[in-house]
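Report on one structure; see the data block that follows.
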Amino acid sequence: LVGVALRVLGTIVVLWYALSATVTKPMWRDVSFDVVDDRLTTMRFELTQPTDMTIDCTVIAHETKHGVVGRTVVTVGPTQTPSTVHEVQIKTTTLAVIGTVRTCAERTG
């Protein structure tokens with residue numbers, strides 16, 4: 001009985017730690033992209049963040065062999081709602097086939 005109680009308690013502690021580690025970090029998901037031409041790709045993504053945080057997101061465009069042909073950094077300031085959708089234009093050096101968010105992180109400094 002004591003062993004079962006310790007396992008349950010251990011599971012609760014691990015879950016609490018895992019959830020608390022992600023609460024203050026931004027999360028994102030790609031919504032859509034549109035290859036306008038060989039010099040421009042438009043990317044839409046959803047960002048969930050603490051409302052008082054400023055976030056920098058790196059958005060990239062890839063060509064057919066997965067090489068990066070365009071990159072831009074989007075800064076999202078504090079928001080009134082935790083989840084927002086953003087559209088960004090990525091200037092490309094050649095025709096892209098996909099746009100995606102590489103990373104989002106709290107702005108430092």
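Just so we're on the same page: first chain in the structure tokens is A, next is B, and so on; residues restart at 1 for each chain, and ligands are numbered from 1 in the order they show up.
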* Would you mind writing down, as a PyMOL selection string, each residue of chain A that DSSP on the backbone assigns to strand (DSSP E)? => chain A and resi 27-37+40-48+55-62+68-76+83-91+98-106
Let's have the selection written as a JSON list (two decimals), in the first residue's frame, with C-alpha atoms.
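Dumped to again_20.json:
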[["chain", "number", "residue", "atom", "x", "y", "z"],
["A", 27, "MET", "CA", 4.06, 27.53, -27.98],
["A", 28, "TRP", "CA", 3.36, 27.85, -31.68],
["A", 29, "ARG", "CA", 1.86, 25.97, -34.58],
["A", 30, "ASP", "CA", 1.99, 26.57, -38.30],
["A", 31, "VAL", "CA", -1.39, 27.53, -39.73],
["A", 32, "SER", "CA", -0.68, 27.98, -43.45],
["A", 33, "PHE", "CA", 1.79, 29.24, -46.00],
["A", 34, "ASP", "CA", 1.50, 30.65, -49.49],
["A", 35, "VAL", "CA", 4.34, 30.75, -52.01],
["A", 36, "VAL", "CA", 3.64, 34.05, -53.75],
["A", 37, "ASP", "CA", 6.52, 33.81, -56.25],
["A", 40, "LEU", "CA", 8.25, 35.86, -51.50],
["A", 41, "THR", "CA", 6.44, 33.41, -49.24],
["A", 42, "THR", "CA", 3.70, 34.32, -46.77],
["A", 43, "MET", "CA", 3.46, 32.35, -43.52],
["A", 44, "ARG", "CA", 0.63, 32.31, -40.94],
["A", 45, "PHE", "CA", 1.15, 30.86, -37.47],
["A", 46, "GLU", "CA", -0.60, 30.76, -34.12],
["A", 47, "LEU", "CA", 1.34, 31.80, -31.03],
["A", 48, "THR", "CA", 0.33, 31.06, -27.45],
["A", 55, "ILE", "CA", 8.50, 36.86, -28.03],
["A", 56, "ASP", "CA", 10.88, 36.58, -30.99],
["A", 57, "CYS", "CA", 9.88, 33.95, -33.57],
["A", 58, "THR", "CA", 12.20, 32.81, -36.36],
["A", 59, "VAL", "CA", 10.22, 31.98, -39.50],
["A", 60, "ILE", "CA", 11.90, 30.23, -42.43],
["A", 61, "ALA", "CA", 11.19, 29.16, -45.99],
["A", 62, "HIS", "CA", 12.65, 25.97, -47.48],
["A", 68, "VAL", "CA", 16.72, 27.50, -46.18],
["A", 69, "VAL", "CA", 15.99, 30.12, -48.85],
["A", 70, "GLY", "CA", 14.51, 32.79, -46.61],
["A", 71, "ARG", "CA", 14.42, 33.76, -42.96],
["A", 72, "THR", "CA", 12.87, 36.50, -40.87],
["A", 73, "VAL", "CA", 12.41, 37.21, -37.18],
["A", 74, "VAL", "CA", 9.01, 38.37, -35.96],
["A", 75, "THR", "CA", 8.69, 40.14, -32.63],
["A", 76, "VAL", "CA", 5.37, 39.78, -30.82],
["A", 83, "SER", "CA", -3.36, 33.02, -28.27],
["A", 84, "THR", "CA", -2.87, 35.14, -31.41],
["A", 85, "VAL", "CA", -2.46, 34.49, -35.14],
["A", 86, "HIS", "CA", 0.27, 36.26, -37.10],
["A", 87, "GLU", "CA", 1.05, 36.60, -40.80],
["A", 88, "VAL", "CA", 4.57, 37.33, -41.97],
["A", 89, "GLN", "CA", 6.18, 37.76, -45.36],
["A", 90, "ILE", "CA", 9.48, 35.96, -45.94],
["A", 91, "LYS", "CA", 11.72, 37.31, -48.68],
["A", 98, "ILE", "CA", 7.21, 25.50, -47.60],
["A", 99, "GLY", "CA", 7.22, 28.04, -44.79],
["A", 100, "THR", "CA", 7.46, 27.16, -41.12],
["A", 101, "VAL", "CA", 8.22, 28.57, -37.70],
["A", 102, "ARG", "CA", 11.59, 27.27, -36.56],
["A", 103, "THR", "CA", 11.47, 28.59, -33.01],
["A", 104, "CYS", "CA", 9.86, 31.11, -30.68],
["A", 105, "ALA", "CA", 11.48, 32.28, -27.45],
["A", 106, "GLU", "CA", 11.21, 35.05, -24.91]]
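Every residue of chain A with a DSSP assignment of alpha helix (DSSP H), taken from the backbone, is listed as Val2, Gly3, Val4, Ala5, Leu6, Arg7, Val8, Leu9, Gly10, Thr11, Ile12, Val13, Val14, Leu15, Trp16, Tyr17, Ala18, Leu19, Ser20, Ala21, Thr22 and Val23 of chain A.
The smallest atom-to-atom distance between Thr51 in chain A and any of A:Thr92, A:Thr108, A:Thr24, A:Thr79, using only C-alpha atoms, is found for A:Thr79.
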* Asked: When distances are computed from only C-alpha atoms, which of A:Ala96, A:Pro26, A:Val2, A:Pro78 shows the smallest separation from Thr54 in chain A?
  ->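 Closest candidate: A:Pro78.
For the pair CA of Lys65 in chain A and CA of Arg39 in chain A, the separation is 17.0 Å.
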